[in-house]
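Text of entry34.tsv (TSV, C-alpha atoms and all ligand atoms) as supplied:
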chain	number	residue	atom	x	y	z
A	1135	MET	CA	-10.70	112.66	-85.66
A	1136	LYS	CA	-12.36	115.51	-83.82
A	1137	PRO	CA	-14.11	118.05	-86.01
A	1138	LEU	CA	-12.37	121.33	-86.42
A	1139	ILE	CA	-13.28	123.84	-83.79
A	1140	ILE	CA	-12.98	127.27	-85.27
A	1141	LYS	CA	-13.41	129.89	-82.63
A	1142	ASN	CA	-11.35	132.90	-81.85
A	1143	GLY	CA	-8.60	131.99	-84.26
A	1144	LEU	CA	-10.74	132.30	-87.33
A	1145	ILE	CA	-12.62	135.37	-86.19
A	1146	THR	CA	-9.32	136.99	-85.33
A	1147	PHE	CA	-7.95	136.03	-88.67
A	1148	VAL	CA	-10.91	137.35	-90.66
A	1149	ASN	CA	-10.61	140.63	-88.86
A	1150	LEU	CA	-6.90	140.83	-89.56
A	1151	LYS	CA	-7.57	140.39	-93.23
A	1152	LYS	CA	-10.14	143.18	-93.31
A	1153	ALA	CA	-7.61	145.67	-91.99
A	1154	VAL	CA	-5.02	145.35	-94.75
A	1155	ASP	CA	-4.94	146.44	-98.39
A	1156	ASN	CA	-3.70	144.82	-101.60
A	1157	GLU	CA	-0.24	146.32	-101.28
A	1158	THR	CA	0.33	145.11	-97.74
A	1159	ILE	CA	3.19	142.68	-97.35
A	1160	LEU	CA	2.39	139.98	-94.85
A	1161	THR	CA	4.98	137.73	-93.27
A	1162	THR	CA	4.32	134.75	-91.03
A	1163	ASP	CA	6.32	132.81	-88.54
A	1164	VAL	CA	6.12	129.00	-88.32
A	1165	GLY	CA	3.41	126.91	-86.70
A	1166	GLN	CA	-0.33	127.35	-86.33
A	1167	ASN	CA	-0.03	131.09	-87.04
A	1168	GLN	CA	1.43	130.14	-90.40
A	1169	MET	CA	-1.23	127.50	-91.00
A	1170	TRP	CA	-3.96	130.05	-90.27
A	1171	MET	CA	-2.54	132.48	-92.74
A	1172	ALA	CA	-1.76	129.90	-95.40
A	1173	HIS	CA	-5.32	128.56	-95.21
A	1174	PHE	CA	-7.26	131.75	-94.99
A	1175	TYR	CA	-5.23	134.72	-96.20
A	1176	ARG	CA	-5.50	135.53	-99.86
A	1177	THR	CA	-3.07	137.94	-101.37
A	1178	GLN	CA	-4.29	139.91	-104.34
A	1179	LYS	CA	-0.85	140.47	-105.82
A	1180	PRO	CA	2.36	138.47	-106.12
A	1181	ARG	CA	5.28	138.81	-103.71
A	1182	LYS	CA	3.09	140.01	-100.88
A	1183	PHE	CA	3.06	136.85	-98.73
A	1184	ILE	CA	6.36	135.81	-97.19
A	1185	SER	CA	6.58	132.64	-95.14
A	1186	SER	CA	9.24	130.17	-94.09
A	1187	GLY	CA	8.12	126.94	-95.78
A	1188	GLY	CA	9.66	123.49	-95.98
A	1189	LEU	CA	11.54	122.92	-92.76
A	1190	GLY	CA	10.22	126.28	-91.57
A	1191	THR	CA	12.30	128.29	-89.17
A	1192	MET	CA	10.65	129.74	-86.10
A	1193	GLY	CA	11.70	133.33	-85.57
A	1194	PHE	CA	11.44	134.14	-89.27
A	1195	GLY	CA	8.33	136.32	-89.21
A	1196	PHE	CA	9.50	139.44	-87.40
A	1197	PRO	CA	12.94	139.96	-88.99
A	1198	SER	CA	11.60	139.17	-92.45
A	1199	ALA	CA	9.01	141.90	-91.94
A	1200	ILE	CA	11.79	144.30	-90.99
A	1201	GLY	CA	13.65	143.42	-94.19
A	1202	ALA	CA	10.52	143.86	-96.31
A	1203	LYS	CA	9.78	147.27	-94.80
A	1204	VAL	CA	13.32	148.51	-95.31
A	1205	ALA	CA	13.22	147.32	-98.94
A	1206	LEU	CA	9.73	148.68	-99.67
A	1207	PRO	CA	9.02	151.50	-97.22
A	1208	GLU	CA	5.88	152.59	-99.08
A	1209	ASN	CA	4.11	149.30	-98.39
A	1210	ASP	CA	2.46	148.48	-95.10
A	1211	VAL	CA	4.15	145.46	-93.58
A	1212	VAL	CA	2.44	143.20	-91.07
A	1213	SER	CA	3.95	140.15	-89.45
A	1214	VAL	CA	1.84	137.38	-87.93
A	1215	CYS	CA	3.91	135.45	-85.41
A	1216	GLY	CA	3.42	132.75	-82.82
A	1217	ASP	CA	4.21	133.67	-79.25
A	1218	GLY	CA	6.95	130.99	-79.17
A	1219	GLY	CA	8.60	132.07	-82.41
A	1220	PHE	CA	8.42	135.75	-81.54
A	1221	LEU	CA	10.21	135.09	-78.25
A	1222	MET	CA	13.17	133.79	-80.25
A	1223	VAL	CA	13.71	137.15	-81.94
A	1224	CYS	CA	11.99	139.70	-79.71
A	1225	GLN	CA	15.25	141.58	-79.23
A	1226	ASP	CA	14.66	143.01	-82.70
A	1227	LEU	CA	12.16	145.29	-80.98
A	1228	ALA	CA	15.28	147.35	-80.35
A	1229	THR	CA	16.02	147.38	-84.09
A	1230	VAL	CA	12.59	148.66	-85.09
A	1231	LYS	CA	12.73	151.31	-82.38
A	1232	GLU	CA	16.27	152.51	-83.01
A	1233	TYR	CA	15.92	152.61	-86.78
A	1234	ASP	CA	12.26	153.65	-86.73
A	1235	ILE	CA	10.98	150.83	-88.90
A	1236	PRO	CA	7.18	150.90	-88.66
A	1237	VAL	CA	6.22	147.28	-89.02
A	1238	VAL	CA	3.25	145.84	-87.15
A	1239	VAL	CA	3.89	142.55	-85.42
A	1240	CYS	CA	0.80	140.57	-84.44
A	1241	VAL	CA	1.70	138.01	-81.81
A	1242	LEU	CA	-0.92	135.27	-81.88
A	1243	ASP	CA	-0.84	134.62	-78.17
A	1244	ASN	CA	-2.12	131.10	-77.46
A	1245	ARG	CA	0.49	130.42	-74.75
A	1246	TYR	CA	1.49	127.22	-76.53
A	1247	LEU	CA	3.98	125.96	-79.02
A	1248	GLY	CA	0.70	125.42	-80.76
A	1249	MET	CA	1.59	123.29	-83.73
A	1250	VAL	CA	3.62	120.87	-81.64
A	1251	ALA	CA	0.84	120.74	-79.04
A	1252	GLN	CA	-1.53	119.91	-81.89
A	1253	TRP	CA	0.65	116.96	-82.91
A	1254	GLN	CA	0.79	115.79	-79.30
A	1255	LYS	CA	-2.99	116.00	-79.02
A	1256	LEU	CA	-3.89	114.40	-82.31
A	1257	PHE	CA	-1.15	111.86	-82.88
A	1258	TYR	CA	0.48	111.13	-79.53
A	1259	ASP	CA	-2.52	110.29	-77.30
A	1260	GLU	CA	-2.63	113.76	-75.79
A	1261	ARG	CA	0.74	113.28	-74.11
A	1262	MET	CA	1.39	116.98	-73.72
A	1263	SER	CA	5.02	117.70	-73.11
A	1264	HIS	CA	6.87	121.02	-72.86
A	1265	THR	CA	4.54	122.85	-75.19
A	1266	HIS	CA	2.76	125.09	-72.70
A	1267	LEU	CA	4.58	128.41	-72.50
A	1268	GLY	CA	3.13	129.52	-69.17
A	1269	GLU	CA	2.07	132.96	-68.07
A	1270	VAL	CA	5.12	135.01	-68.94
A	1271	PRO	CA	6.03	137.27	-70.58
A	1272	ASP	CA	3.53	140.07	-70.82
A	1273	PHE	CA	4.13	140.96	-74.49
A	1274	VAL	CA	2.74	144.48	-74.11
A	1275	LYS	CA	5.15	145.27	-71.29
A	1276	LEU	CA	7.98	143.61	-73.22
A	1277	ALA	CA	7.40	145.88	-76.21
A	1278	GLU	CA	6.99	148.93	-74.03
A	1279	ALA	CA	10.31	148.16	-72.34
A	1280	PHE	CA	11.86	148.69	-75.77
A	1281	GLY	CA	9.88	151.89	-76.26
A	1282	VAL	CA	7.68	150.20	-78.85
A	1283	ARG	CA	3.97	150.99	-79.05
A	1284	ALA	CA	1.86	148.02	-77.97
A	1285	GLU	CA	-1.72	147.01	-77.44
A	1286	ARG	CA	-3.46	143.88	-76.19
A	1287	VAL	CA	-6.40	142.57	-78.20
A	1288	GLU	CA	-8.57	140.32	-76.08
A	1289	LYS	CA	-11.73	140.13	-78.15
A	1290	PRO	CA	-11.59	138.82	-81.72
A	1291	GLY	CA	-13.86	141.64	-82.90
A	1292	GLU	CA	-11.28	144.22	-81.81
A	1293	THR	CA	-8.54	142.96	-84.09
A	1294	GLN	CA	-9.52	144.89	-87.18
A	1295	GLU	CA	-9.59	148.27	-85.51
A	1296	ALA	CA	-6.41	147.62	-83.55
A	1297	LEU	CA	-4.53	146.64	-86.70
A	1298	LYS	CA	-5.88	149.57	-88.68
A	1299	ASN	CA	-4.82	151.97	-85.92
A	1300	ALA	CA	-1.41	150.33	-85.70
A	1301	ILE	CA	-0.82	150.75	-89.42
A	1302	LYS	CA	-2.11	154.31	-89.36
A	1303	SER	CA	0.14	155.24	-86.45
A	1304	GLY	CA	3.23	154.99	-88.67
A	1305	GLU	CA	5.12	153.62	-85.67
A	1306	PRO	CA	6.46	150.15	-85.01
A	1307	THR	CA	3.70	148.42	-83.07
A	1308	LEU	CA	3.16	145.11	-81.35
A	1309	LEU	CA	-0.35	143.70	-81.04
A	1310	ASP	CA	-0.67	140.98	-78.43
A	1311	ILE	CA	-3.64	139.06	-79.81
A	1312	ILE	CA	-5.10	136.57	-77.38
A	1313	ILE	CA	-6.48	133.44	-79.08
A	1314	ASP	CA	-7.73	130.02	-77.99
A	1315	PRO	CA	-5.20	127.19	-78.18
A	1316	ASP	CA	-7.35	125.27	-80.67
A	1317	GLU	CA	-6.27	122.85	-83.32
A	1318	ILE	CA	-6.16	124.11	-86.84
A	1319	LEU	CA	-7.16	121.81	-89.67
A	1320	PRO	CA	-6.89	120.69	-92.37
A	1321	MET	CA	-3.38	119.39	-91.96
A	1322	VAL	CA	-1.22	116.66	-93.40
A	1323	PRO	CA	-0.42	114.14	-90.63
A	1324	PRO	CA	3.22	113.27	-90.00
A	1325	GLY	CA	4.58	110.77	-92.50
A	1326	CYS	CA	1.60	111.15	-94.86
A	1327	GLY	CA	1.26	112.42	-98.37
A	1328	LEU	CA	-0.73	115.44	-99.47
A	1329	THR	CA	-3.60	113.20	-100.57
A	1330	GLU	CA	-3.95	112.04	-96.95
A	1331	ILE	CA	-4.78	115.47	-95.62
A	1332	ILE	CA	-7.23	115.37	-92.68
A	1333	GLY	CA	-9.94	117.68	-91.45
A	1334	GLU	CA	-12.32	119.97	-93.15
A	1335	TYR	CA	-13.58	123.44	-92.56
A	1336	LYS	CA	-16.51	125.44	-93.62
A	1337	VAL	CA	-15.89	129.06	-94.30
A	1338	GLU	CA	-17.70	131.60	-96.40
A	1339	ARG	CA	-15.90	131.24	-99.68
A	1340	GLU	CA	-14.93	134.30	-101.62
A	1341	ARG	CA	-14.60	132.33	-104.83
A	1342	PRO	CA	-17.06	129.67	-105.86
A	1343	GLY	CA	-15.58	126.34	-106.91
A	1344	GLU	CA	-12.71	126.60	-104.49
A	1345	VAL	CA	-11.42	123.32	-103.14
A	1346	THR	CA	-12.96	122.20	-99.87
A	1347	TYR	CA	-10.86	119.65	-98.08
A	1348	LYS	CA	-12.65	116.52	-96.91
A	1349	ASN	CA	-11.67	114.25	-94.13
A	1350	PRO	CA	-10.83	110.88	-95.73
A	1351	ALA	CA	-11.12	109.11	-92.37
A	1352	LYS	CA	-14.72	110.25	-92.02
A	1353	LYS	CA	-15.47	109.36	-95.61
A	1354	ALA	CA	-14.28	105.80	-95.03
A	1355	GLU	CA	-16.82	105.47	-92.22
A	1356	GLY	CA	-19.55	106.48	-94.61
A	1357	ASP	CA	-19.96	109.95	-93.13
A	1401	LIG	C1	13.93	127.18	-84.83
A	1401	LIG	C2	12.83	126.14	-84.77
A	1401	LIG	N1	12.71	125.38	-83.66
A	1401	LIG	C3	11.73	124.45	-83.59
A	1401	LIG	C4	10.86	124.29	-84.63
A	1401	LIG	C5	9.76	123.21	-84.56
A	1401	LIG	N2	8.45	123.87	-84.41
A	1401	LIG	C6	7.63	124.08	-85.48
A	1401	LIG	S1	6.24	124.92	-85.06
A	1401	LIG	C7	6.69	124.97	-83.45
A	1401	LIG	C8	5.82	125.65	-82.43
A	1401	LIG	C9	5.58	127.10	-82.76
A	1401	LIG	O1	4.95	127.71	-81.65
A	1401	LIG	P1	4.52	129.23	-81.74
A	1401	LIG	O2	5.63	130.06	-82.26
A	1401	LIG	O3	3.93	129.64	-80.45
A	1401	LIG	O4	3.42	129.19	-82.89
A	1401	LIG	P2	1.94	128.57	-82.87
A	1401	LIG	O5	2.07	127.19	-83.47
A	1401	LIG	O6	1.45	128.52	-81.46
A	1401	LIG	O7	1.16	129.50	-83.73
A	1401	LIG	C10	7.93	124.33	-83.22
A	1401	LIG	C11	8.60	124.18	-81.92
A	1401	LIG	C12	11.05	125.09	-85.77
A	1401	LIG	N3	10.25	124.98	-86.84
A	1401	LIG	N4	12.02	126.03	-85.82
A	1402	MG	MG	1.92	129.82	-79.85
Can the structure from this file be put into structure tokens for me?
Amino acid sequence: MKPLIIKNGLITFVNLKKAVDNETILTTDVGQNQMWMAHFYRTQKPRKFISSGGLGTMGFGFPSAIGAKVALPENDVVSVCGDGGFLMVCQDLATVKEYDIPVVVCVLDNRYLGMVAQWQKLFYDERMSHTHLGEVPDFVKLAEAFGVRAERVEKPGETQEALKNAIKSGEPTLLDIIIDPDEILPMVPPGCGLTEIIGEYKVERERPGEVTYKNPAKKAEGD
């Protein structure tokens, strides 16, 4: 098992987190974007993290954010979506524009159906098949075609400011956040139980004593 490479994804994520407050409602889509947030995002209050678990449904992140904002207009609402999942529901850009629903949608733009690509890489001998999304669309232009404010974030360090500005604008906004198509671990391999989770990561912990996942495969080799 390759060690976890945490590059832009984590930096991007940390910066996202810094830009929101305790009342912010965060929704995710399904895939690596969801894994990032589930691993690293810590809500301070209940009912502030909305995700499509179990047999998660791509396309959930953006419309669920719209619902949350309509229900609780005083709260900031941010959706973190994959580029693939967002494409399934991007026509709701018309909804947020027409009804003036100021959610911020962060498209984690890795140009892959990332979680499936990760399976192909790690468990199917790197037989990559139909997971690369290619060069289109330009998400900024897509949002602008709907009259929705949009910005591209190309450097991880710019995420925090871009998200803060988006929230402050009070307008529906799309942030096209460019990230590396890296694997994200730890993860439970297909067909395995939770005790067989693989991968480890080292992050500055906010709380001492928090569980750090170990890679059982490495342990077996005496590492
Ligand atoms: C409607 C639907 N179709 C297919 C899947 C299977 N699936 C799970 S994650 C994933 C890839 C998601 O890609 P993307 O939205 O780009 O997110 P990323 O993993 O890159 O963050 C797919 C195809 C699903 N969960 N839901
Ligand atoms: Mg993707």
Distance filter 9 Å around ligand MG 1402 (chain A), atoms: all atoms listed in the file, out as a list in words: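 Counting all atoms listed in the file, the residues within 9 Å of ligand MG 1402 (chain A) come out as Gly1165, Gln1166, Asn1167, Cys1215, Gly1216, Asp1217, Gly1218, Gly1219, Phe1220, Val1241, Leu1242, Asp1243, Asn1244, Arg1245, Tyr1246, Leu1247, Gly1248, Met1249, Thr1265, His1266, Leu1267 and Pro1315 of chain A.
In this comparison, which uses all atoms listed in the file, the residue of A:Met1169, A:Val1211, A:Val1148, A:Leu1256 approaching ligand LIG 1401 (chain A) most closely is A:Met1169.
As for atom CA of A:Ala1199 and atom CA of A:Pro1290, they are spaced 23.2 Å apart.
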Spatial sel., origin (-1.6, 145.8, -88.4), limit 10 Å, all atoms listed in the file, listed as a ChimeraX atom specification: /A:1150-1151,1153-1154,1158,1160,1210-1214,1237-1240,1293-1303,1306-1309
Residue nearest ligand LIG 1401 (chain A) - candidates A:Lys1275, A:Lys1152, A:Lys1289, A:His1264, atoms counted: only C-alpha atoms and all ligand atoms: A:His1264
Two-atom distance - atom CA of A:Pro1236, atom CA of A:Asp1155 (Å): 16.2 Å
Pick from A:Ile1159, A:Ala1205, A:Ile1313, A:Val1274, whichever lies nearest to A:Pro1180 using all atoms listed in the file: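 The shortest atom-to-atom distance to A:Pro1180 comes from A:Ile1159.
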Pick from A:Asp1314, A:Glu1305, A:Glu1269, A:Glu1260, whichever lies nearest to A:Leu1227 using all atoms listed in the file: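 The answer is A:Glu1305, which sits nearest to A:Leu1227.
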Selected residue of minimal separation from A:Thr1229 among A:Ala1202, A:Ile1331, A:Val1282, A:Ala1172, counting all atoms listed in the file: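 The answer is A:Val1282, which sits nearest to A:Thr1229.
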Distance criterion (all atoms listed in the file): nearest to ligand LIG 1401 (chain A) out of A:Met1192, A:Ala1251, A:Ile1318, A:Ala1284: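 Result for the nearest residue to ligand LIG 1401 (chain A): A:Met1192.
Atom CA of A:Ser1263 lies 14.0 Å from atom S1 of ligand LIG 1401 (chain A).
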Distance query A:Thr1177 at most 7 Å, only C-alpha atoms, self and fewer than 3 positions along chain excluded, as number ranges by chain: A: 1156, 1182-1183
As AutoDock Vina command-line options, what would the box around stretch 1270-1278 of chain A look like: edges along x, y and z, 4 Å added on every side, centre and edge lengths in Å to one decimal?
--center_x 5.4 --center_y 142.0 --center_z -72.6 --size_x 13.2 --size_y 21.9 --size_z 15.3
Shell around A:Pro1324 at 12 Å using all atoms listed in the file, local window under 2 positions removed, as number ranges by chain: A: 1249-1250, 1252-1254, 1256-1258, 1321-1322, 1326-1328, 1330-1332
